[in-house]
Amino acid sequence: MTRDIAARRHRAILDDLDRLESVTVEELARSLEVSRETIRRDLKVLSADGRLSIVHGGAIRNERSEASFASRRSVNREGKERIASLAASMLGDGMTILLDSGTTTEAVARALARSDRKRLVVHTTSLENARLVSRLPGARVFLIGGEFDRNEDATSGSEALRAIARLSADLSFVSVGGVDMEGRLTDYNRAGAAIRGALLHAAEQGFLMADSSKFGLVLPSRIEGEERCAALLVDRLPPETIGAKLAENRVRVLAG
């Protein structure tokens with residue numbers, strides 16, 4: 001329980017920094033109704049995790065950087081493949097789908113490339129996903145334009161958001177960076193969260209995906225549109241605390 005309370009304070013501190021870019025110990029102690037000593041301890045924990053920098057009287061925000069795409073591919077590979085098999089099983093011939101650029105979504109693209117699906121129309125921000133799904137018989141593959149992100153090997157930014165806003169699809173499959181203790185679905189930065197939220201909204205049914213390594217991970221930017229999420233696809237059910245919060249947030253969970 002104590003750990004959960006601390007996690008909620010940490011989330012509140014990071015939310016404040018998202019809005020304000022800097023906070024003071026005095027302001028945080030007053031808004032969270034705890035002592036200044038408690039806030040200083042919280043700031044030290046978040047600073048050690050690289051989430052913020054402590055300055056005189058308070059803190060400023062650090063962007064948490066994501067590991068390279070190549071290194072992320074090897075994390076819980078089997079779990080991502082289970083999620084990918086579940087996602088691929090939802091697709092029928094001739095459907096239009098949207099894919100983002102996460103490693104779990106790449107696993108979906110690989111699963112599709114091995115499948116017998118025909119005449120799929122696929123829009124994706126990812127160069128590798130475009131290459132993979134182009135192997136399918138009769139597939140039409142469209143790369144969503146925008147600024148090129150070298151770390152993701154994908155497009156992003158305002159041009160990509162405008163392109164996504166013009167799309168309409170049957171299904172979208174979108175990876176998330178983390179599922180925190182409050183059941184919030186998050187990403188490493190605002191740009192990534194915006195792209196993922198837009199892809200979710202552009203489909204009749206949008207599916208978010210998180211392998212079990214993402215459970216409990218606190219990240220700065222929330223992915224908007226949980227109310228439009230048909231389900232969160234996972235490789236195994238989350239811990240009871242997170243599962244209860246997801247249910248509270250009306251997010252249905254499907255395990256592969």
# chains A, B, ... in the order shown; residues from 1 in each chain; ligands from 1
call {"tool": "closest_atom_pairs", "arguments": {"of": "region 39-144 of chain A", "to": "region 199-213 of chain A", "cutoff": "9 Å", "atoms": "only C-alpha atoms", "output": "JSON lines"}}
result
{"residue": "A:Val75", "atom": "CA", "partner": "A:Ser213", "partner_atom": "CA", "distance": 7.7}
{"residue": "A:Asn76", "atom": "CA", "partner": "A:Ser213", "partner_atom": "CA", "distance": 6.9}
{"residue": "A:Gly79", "atom": "CA", "partner": "A:Asp211", "partner_atom": "CA", "distance": 5.9}
{"residue": "A:Lys80", "atom": "CA", "partner": "A:Asp211", "partner_atom": "CA", "distance": 5.9}
{"residue": "A:Ile83", "atom": "CA", "partner": "A:Met209", "partner_atom": "CA", "distance": 7.4}
{"residue": "A:Ala87", "atom": "CA", "partner": "A:Phe207", "partner_atom": "CA", "distance": 8.5}
{"residue": "A:Thr96", "atom": "CA", "partner": "A:Ala203", "partner_atom": "CA", "distance": 8.9}
{"residue": "A:Ile97", "atom": "CA", "partner": "A:Ala203", "partner_atom": "CA", "distance": 7.7}
{"residue": "A:Leu98", "atom": "CA", "partner": "A:Leu199", "partner_atom": "CA", "distance": 6.7}
{"residue": "A:Leu99", "atom": "CA", "partner": "A:Leu199", "partner_atom": "CA", "distance": 7.7}
{"residue": "A:Asp100", "atom": "CA", "partner": "A:Leu199", "partner_atom": "CA", "distance": 7.5}
{"residue": "A:Thr104", "atom": "CA", "partner": "A:Met209", "partner_atom": "CA", "distance": 7.1}
{"residue": "A:Thr105", "atom": "CA", "partner": "A:Met209", "partner_atom": "CA", "distance": 8.0}
call {"tool": "residues_around", "arguments": {"residues": "region 179-188 of chain A", "least_positions_apart": "4", "cutoff": "10 Å", "atoms": "only C-alpha atoms", "output": "PyMOL selection string"}}
result
chain A and resi 3-5+7-8+11+63-66+175+192-194+196+208-226+232+238-239+241-251
call {"tool": "write_last_selection", "arguments": {"atoms": "N, CA and C atoms", "output": "CSV table (one decimal), in the first residue's frame"}}
result
chain,number,residue,atom,x,y,z
A,3,ARG,N,3.9,1.5,-1.1
A,3,ARG,CA,4.5,1.7,-2.4
A,3,ARG,C,3.6,2.3,-3.4
A,4,ASP,N,2.3,1.8,-3.4
A,4,ASP,CA,1.3,2.4,-4.3
A,4,ASP,C,1.1,3.9,-4.1
A,5,ILE,N,1.0,4.3,-2.8
A,5,ILE,CA,0.9,5.7,-2.5
A,5,ILE,C,2.0,6.5,-3.0
A,7,ALA,N,4.0,5.7,-5.5
A,7,ALA,CA,3.9,5.7,-7.0
A,7,ALA,C,2.9,6.7,-7.5
A,8,ARG,N,1.8,6.9,-6.7
A,8,ARG,CA,0.8,7.9,-7.1
A,8,ARG,C,1.4,9.3,-7.0
A,11,ARG,N,3.7,9.9,-9.9
A,11,ARG,CA,3.0,10.2,-11.1
A,11,ARG,C,2.5,11.7,-11.0
A,63,GLU,N,13.6,14.5,-20.0
A,63,GLU,CA,13.0,13.6,-20.9
A,63,GLU,C,13.6,12.2,-20.7
A,64,ARG,N,12.9,11.2,-20.4
A,64,ARG,CA,13.4,9.9,-20.3
A,64,ARG,C,13.6,9.3,-21.7
A,65,SER,N,14.8,8.9,-22.0
A,65,SER,CA,15.0,8.4,-23.4
A,65,SER,C,14.8,6.9,-23.5
A,66,GLU,N,14.3,6.5,-24.6
A,66,GLU,CA,14.0,5.1,-24.8
A,66,GLU,C,15.3,4.4,-25.3
A,175,SER,N,1.5,0.0,-30.1
A,175,SER,CA,2.2,-0.4,-29.0
A,175,SER,C,2.3,0.7,-27.9
A,192,GLY,N,5.6,10.7,-29.6
A,192,GLY,CA,5.2,9.3,-29.7
A,192,GLY,C,3.8,9.0,-29.3
A,193,ALA,N,3.4,9.6,-28.1
A,193,ALA,CA,2.1,9.4,-27.6
A,193,ALA,C,1.0,10.0,-28.5
A,194,ALA,N,1.4,11.1,-29.1
A,194,ALA,CA,0.4,11.8,-30.1
A,194,ALA,C,0.2,10.9,-31.3
A,196,ARG,N,0.5,7.6,-31.5
A,196,ARG,CA,-0.2,6.4,-31.1
A,196,ARG,C,-1.7,6.7,-30.8
A,208,LEU,N,-4.5,-1.5,-28.3
A,208,LEU,CA,-3.2,-1.2,-27.7
A,208,LEU,C,-2.5,-2.5,-27.3
A,209,MET,N,-1.2,-2.5,-27.3
A,209,MET,CA,-0.4,-3.7,-27.0
A,209,MET,C,0.7,-3.4,-26.0
A,210,ALA,N,0.9,-4.3,-25.0
A,210,ALA,CA,1.9,-4.1,-24.1
A,210,ALA,C,2.4,-5.5,-23.6
A,211,ASP,N,3.6,-5.8,-23.8
A,211,ASP,CA,4.1,-7.1,-23.2
A,211,ASP,C,4.4,-6.9,-21.7
A,212,SER,N,4.5,-8.0,-21.0
A,212,SER,CA,4.6,-7.9,-19.5
A,212,SER,C,5.8,-7.1,-19.0
A,213,SER,N,6.8,-6.9,-19.8
A,213,SER,CA,7.9,-6.1,-19.3
A,213,SER,C,7.5,-4.6,-19.1
A,214,LYS,N,6.4,-4.2,-19.7
A,214,LYS,CA,5.9,-2.8,-19.6
A,214,LYS,C,5.0,-2.6,-18.3
A,215,PHE,N,4.7,-3.7,-17.6
A,215,PHE,CA,3.8,-3.5,-16.4
A,215,PHE,C,4.5,-2.8,-15.3
A,216,GLY,N,3.9,-1.7,-14.8
A,216,GLY,CA,4.5,-1.0,-13.7
A,216,GLY,C,5.5,0.1,-14.1
A,217,LEU,N,5.7,0.2,-15.4
A,217,LEU,CA,6.6,1.2,-15.9
A,217,LEU,C,6.0,2.6,-16.0
A,218,VAL,N,6.6,3.6,-15.3
A,218,VAL,CA,6.0,4.9,-15.2
A,218,VAL,C,6.7,5.8,-16.3
A,219,LEU,N,6.0,6.3,-17.2
A,219,LEU,CA,6.6,7.1,-18.3
A,219,LEU,C,5.8,8.4,-18.4
A,220,PRO,N,6.4,9.5,-19.0
A,220,PRO,CA,5.9,10.8,-18.8
A,220,PRO,C,4.6,11.2,-19.6
A,221,SER,N,4.4,10.5,-20.7
A,221,SER,CA,3.4,11.0,-21.6
A,221,SER,C,2.2,10.0,-21.8
A,222,ARG,N,1.0,10.4,-21.5
A,222,ARG,CA,-0.1,9.5,-21.5
A,222,ARG,C,-0.6,9.4,-23.0
A,223,ILE,N,-1.0,8.2,-23.4
A,223,ILE,CA,-1.6,8.0,-24.7
A,223,ILE,C,-3.1,8.3,-24.5
A,224,GLU,N,-3.6,9.3,-25.3
A,224,GLU,CA,-5.0,9.6,-25.1
A,224,GLU,C,-5.9,8.7,-25.9
A,225,GLY,N,-7.1,8.5,-25.5
A,225,GLY,CA,-8.1,7.7,-26.2
A,225,GLY,C,-8.4,6.3,-25.7
A,226,GLU,N,-8.2,6.2,-24.3
A,226,GLU,CA,-8.5,4.9,-23.7
A,226,GLU,C,-9.9,4.5,-24.0
A,232,LEU,N,-6.7,-4.0,-24.6
A,232,LEU,CA,-5.2,-4.0,-24.4
A,232,LEU,C,-4.8,-5.4,-24.6
A,238,PRO,N,-1.8,-8.8,-16.3
A,238,PRO,CA,-1.0,-7.9,-15.4
A,238,PRO,C,-1.2,-8.2,-14.0
A,239,PRO,N,-0.3,-7.8,-13.1
A,239,PRO,CA,-0.6,-7.9,-11.6
A,239,PRO,C,-1.9,-7.4,-11.2
A,241,THR,N,-3.1,-5.5,-9.0
A,241,THR,CA,-3.3,-4.0,-8.7
A,241,THR,C,-3.5,-3.3,-10.0
A,242,ILE,N,-2.6,-3.6,-11.0
A,242,ILE,CA,-2.7,-2.9,-12.3
A,242,ILE,C,-4.0,-3.3,-13.0
A,243,GLY,N,-4.3,-4.6,-12.9
A,243,GLY,CA,-5.5,-5.2,-13.6
A,243,GLY,C,-6.8,-4.5,-13.1
A,244,ALA,N,-6.8,-4.3,-11.7
A,244,ALA,CA,-8.0,-3.6,-11.2
A,244,ALA,C,-8.1,-2.1,-11.7
A,245,LYS,N,-7.0,-1.5,-11.8
A,245,LYS,CA,-7.0,-0.1,-12.3
A,245,LYS,C,-7.4,0.0,-13.7
A,246,LEU,N,-6.9,-1.0,-14.5
A,246,LEU,CA,-7.4,-1.0,-16.0
A,246,LEU,C,-8.9,-1.2,-16.0
A,247,ALA,N,-9.4,-2.1,-15.2
A,247,ALA,CA,-10.8,-2.4,-15.2
A,247,ALA,C,-11.6,-1.1,-14.8
A,248,GLU,N,-11.1,-0.4,-13.8
A,248,GLU,CA,-11.6,0.9,-13.4
A,248,GLU,C,-11.7,1.9,-14.5
A,249,ASN,N,-10.6,1.9,-15.3
A,249,ASN,CA,-10.5,2.8,-16.5
A,249,ASN,C,-11.2,2.3,-17.7
A,250,ARG,N,-11.9,1.1,-17.5
A,250,ARG,CA,-12.7,0.5,-18.6
A,250,ARG,C,-11.9,0.1,-19.8
A,251,VAL,N,-10.7,-0.4,-19.5
A,251,VAL,CA,-9.8,-1.0,-20.5
A,251,VAL,C,-9.9,-2.5,-20.4
call {"tool": "residues_around", "arguments": {"residues": "Ile195 (chain A)", "least_positions_apart": "6", "cutoff": "9 Å", "atoms": "only C-alpha atoms", "output": "list of chain:residue names"}}
result
A:Asp100, A:Ser156, A:Gly157, A:Ala160, A:Leu161, A:Ile164, A:Ile223
call {"tool": "write_last_selection", "arguments": {"atoms": "N, CA, C and O atoms", "output": "PDB file, in the first residue's frame"}}
result
ATOM      1  N   ASP A 100       1.761   1.067 -35.904  1.00  0.00           N
ATOM      2  CA  ASP A 100       2.756   2.063 -35.496  1.00  0.00           C
ATOM      3  C   ASP A 100       4.148   1.446 -35.638  1.00  0.00           C
ATOM      4  O   ASP A 100       4.345   0.488 -36.391  1.00  0.00           O
ATOM      5  N   SER A 156       7.259  10.574 -37.932  1.00  0.00           N
ATOM      6  CA  SER A 156       6.554  11.163 -36.798  1.00  0.00           C
ATOM      7  C   SER A 156       6.320  12.640 -37.082  1.00  0.00           C
ATOM      8  O   SER A 156       6.558  13.113 -38.188  1.00  0.00           O
ATOM      9  N   GLY A 157       5.844  13.365 -36.065  1.00  0.00           N
ATOM     10  CA  GLY A 157       5.692  14.812 -36.189  1.00  0.00           C
ATOM     11  C   GLY A 157       4.349  15.251 -36.749  1.00  0.00           C
ATOM     12  O   GLY A 157       3.438  14.454 -36.991  1.00  0.00           O
ATOM     13  N   ALA A 160       2.959  13.718 -40.051  1.00  0.00           N
ATOM     14  CA  ALA A 160       2.422  12.373 -39.843  1.00  0.00           C
ATOM     15  C   ALA A 160       1.043  12.440 -39.188  1.00  0.00           C
ATOM     16  O   ALA A 160       0.125  11.701 -39.576  1.00  0.00           O
ATOM     17  N   LEU A 161       0.878  13.329 -38.218  1.00  0.00           N
ATOM     18  CA  LEU A 161      -0.426  13.471 -37.556  1.00  0.00           C
ATOM     19  C   LEU A 161      -1.499  13.918 -38.541  1.00  0.00           C
ATOM     20  O   LEU A 161      -2.637  13.425 -38.501  1.00  0.00           O
ATOM     21  N   ILE A 164      -2.418  10.911 -40.735  1.00  0.00           N
ATOM     22  CA  ILE A 164      -3.227   9.928 -40.003  1.00  0.00           C
ATOM     23  C   ILE A 164      -4.670  10.409 -39.861  1.00  0.00           C
ATOM     24  O   ILE A 164      -5.615   9.619 -39.954  1.00  0.00           O
ATOM     25  N   ILE A 223      -1.008   8.216 -23.386  1.00  0.00           N
ATOM     26  CA  ILE A 223      -1.627   8.007 -24.690  1.00  0.00           C
ATOM     27  C   ILE A 223      -3.123   8.260 -24.542  1.00  0.00           C
ATOM     28  O   ILE A 223      -3.798   7.572 -23.783  1.00  0.00           O
TER      29      ILE A 223
END
call {"tool": "select_by_dssp", "arguments": {"residues": "region 61-228 of chain A", "states": "alpha helix (DSSP H)", "output": "PyMOL selection string"}}
result
chain A and resi 69-73+77-89+103-113+127-133+157-165+190-201
call {"tool": "residues_around", "arguments": {"residues": "Ala88 (chain A)", "least_positions_apart": "5", "cutoff": "12 Å", "atoms": "only C-alpha atoms", "output": "list in words"}}
result
Glu81, Arg82, Ile83, Asp93, Met95, Ile97, Leu99, Thr105, Glu106, Ala107, Val108, Ala109, Arg110, Ala111, Leu112, Ala113, Arg114, Ser115, Asp116, Arg117, Leu120, Val133, Leu171, Ser172, Phe173, Phe207, Leu233 and Gly256 of chain A
call {"tool": "write_last_selection", "arguments": {"atoms": "N, CA, C and O atoms", "output": "short mmCIF file (atom, residue, chain, number, x, y, z; two decimals), in the first residue's frame"}}
result
data_model
loop_
_atom_site.label_atom_id
_atom_site.label_comp_id
_atom_site.auth_asym_id
_atom_site.auth_seq_id
_atom_site.Cartn_x
_atom_site.Cartn_y
_atom_site.Cartn_z
N GLU A 81 5.69 -12.12 -29.43
CA GLU A 81 5.19 -13.02 -30.47
C GLU A 81 3.81 -13.57 -30.12
O GLU A 81 2.97 -13.77 -31.01
N ARG A 82 3.55 -13.79 -28.82
CA ARG A 82 2.21 -14.24 -28.42
C ARG A 82 1.17 -13.16 -28.70
O ARG A 82 0.06 -13.44 -29.17
N ILE A 83 1.53 -11.92 -28.38
CA ILE A 83 0.62 -10.80 -28.68
C ILE A 83 0.40 -10.69 -30.18
O ILE A 83 -0.72 -10.49 -30.65
N ASP A 93 -9.27 -11.31 -44.62
CA ASP A 93 -8.83 -10.85 -45.93
C ASP A 93 -9.51 -9.53 -46.29
O ASP A 93 -10.68 -9.30 -45.99
N MET A 95 -9.03 -6.50 -45.21
CA MET A 95 -9.15 -5.45 -44.19
C MET A 95 -8.11 -4.34 -44.39
O MET A 95 -7.04 -4.56 -44.96
N ILE A 97 -5.74 -1.86 -42.19
CA ILE A 97 -5.20 -1.78 -40.83
C ILE A 97 -4.13 -0.70 -40.73
O ILE A 97 -3.51 -0.31 -41.73
N LEU A 99 -0.63 0.39 -38.44
CA LEU A 99 0.42 -0.11 -37.55
C LEU A 99 1.36 1.02 -37.17
O LEU A 99 1.74 1.82 -38.03
N THR A 105 4.62 -4.10 -32.41
CA THR A 105 3.94 -3.96 -33.70
C THR A 105 4.76 -4.59 -34.81
O THR A 105 4.21 -5.16 -35.76
N GLU A 106 6.07 -4.51 -34.72
CA GLU A 106 6.91 -5.19 -35.71
C GLU A 106 6.69 -6.70 -35.65
O GLU A 106 6.67 -7.38 -36.68
N ALA A 107 6.50 -7.22 -34.43
CA ALA A 107 6.19 -8.65 -34.30
C ALA A 107 4.87 -8.98 -34.99
O ALA A 107 4.71 -10.04 -35.60
N VAL A 108 3.89 -8.06 -34.90
CA VAL A 108 2.62 -8.24 -35.61
C VAL A 108 2.87 -8.30 -37.12
O VAL A 108 2.33 -9.16 -37.83
N ALA A 109 3.69 -7.37 -37.63
CA ALA A 109 3.98 -7.34 -39.06
C ALA A 109 4.66 -8.64 -39.50
O ALA A 109 4.36 -9.18 -40.58
N ARG A 110 5.55 -9.17 -38.67
CA ARG A 110 6.22 -10.45 -39.00
C ARG A 110 5.21 -11.60 -39.02
O ARG A 110 5.26 -12.48 -39.89
N ALA A 111 4.30 -11.58 -38.04
CA ALA A 111 3.27 -12.62 -38.00
C ALA A 111 2.39 -12.55 -39.25
O ALA A 111 2.02 -13.59 -39.82
N LEU A 112 2.05 -11.35 -39.68
CA LEU A 112 1.24 -11.20 -40.89
C LEU A 112 2.00 -11.68 -42.13
O LEU A 112 1.42 -12.32 -43.01
N ALA A 113 3.31 -11.37 -42.18
CA ALA A 113 4.11 -11.79 -43.33
C ALA A 113 4.16 -13.30 -43.46
O ALA A 113 4.32 -13.83 -44.57
N ARG A 114 4.01 -14.01 -42.33
CA ARG A 114 4.02 -15.48 -42.35
C ARG A 114 2.62 -16.07 -42.56
O ARG A 114 2.48 -17.28 -42.70
N SER A 115 1.60 -15.24 -42.54
CA SER A 115 0.22 -15.71 -42.58
C SER A 115 -0.26 -15.88 -44.02
O SER A 115 0.46 -15.60 -44.98
N ASP A 116 -1.52 -16.31 -44.14
CA ASP A 116 -2.13 -16.47 -45.47
C ASP A 116 -3.15 -15.37 -45.76
O ASP A 116 -4.00 -15.53 -46.64
N ARG A 117 -3.09 -14.26 -45.04
CA ARG A 117 -4.02 -13.17 -45.27
C ARG A 117 -3.81 -12.59 -46.68
O ARG A 117 -2.69 -12.50 -47.16
N LEU A 120 -4.74 -7.31 -47.95
CA LEU A 120 -4.75 -6.34 -46.86
C LEU A 120 -4.31 -4.96 -47.37
O LEU A 120 -3.45 -4.86 -48.26
N VAL A 133 5.09 -6.39 -44.45
CA VAL A 133 3.73 -6.71 -44.90
C VAL A 133 3.60 -6.65 -46.41
O VAL A 133 2.65 -7.21 -46.97
N LEU A 171 -9.02 -1.76 -38.35
CA LEU A 171 -8.33 -2.02 -37.09
C LEU A 171 -7.00 -1.28 -37.04
O LEU A 171 -6.37 -1.05 -38.08
N SER A 172 -6.59 -0.90 -35.84
CA SER A 172 -5.22 -0.40 -35.65
C SER A 172 -4.58 -1.17 -34.51
O SER A 172 -5.25 -1.58 -33.56
N PHE A 173 -3.27 -1.37 -34.64
CA PHE A 173 -2.50 -2.05 -33.61
C PHE A 173 -1.36 -1.13 -33.21
O PHE A 173 -0.51 -0.78 -34.03
N PHE A 207 -6.53 -1.31 -31.08
CA PHE A 207 -5.99 -2.19 -30.05
C PHE A 207 -4.62 -1.68 -29.61
O PHE A 207 -3.74 -1.45 -30.45
N LEU A 233 -3.93 -5.67 -25.61
CA LEU A 233 -3.43 -7.01 -25.87
C LEU A 233 -2.14 -7.22 -25.10
O LEU A 233 -1.21 -6.41 -25.18
N GLY A 256 -2.67 -13.16 -24.90
CA GLY A 256 -2.35 -14.08 -26.00
C GLY A 256 -1.91 -15.44 -25.50
O GLY A 256 -1.56 -15.61 -24.36
#
call {"tool": "residues_around", "arguments": {"residues": "Val121 (chain A)", "least_positions_apart": "4", "cutoff": "6 Å", "atoms": "only C-alpha atoms", "output": "list in words"}}
result
Thr96, Ala139, Arg140 and Val141 of chain A
call {"tool": "residues_around", "arguments": {"residues": "region 13-18 of chain A", "least_positions_apart": "6", "cutoff": "9 Å", "atoms": "only C-alpha atoms", "output": "ChimeraX atom specification"}}
result
/A:28,32,42-43,46,51-52,59-61,219-221
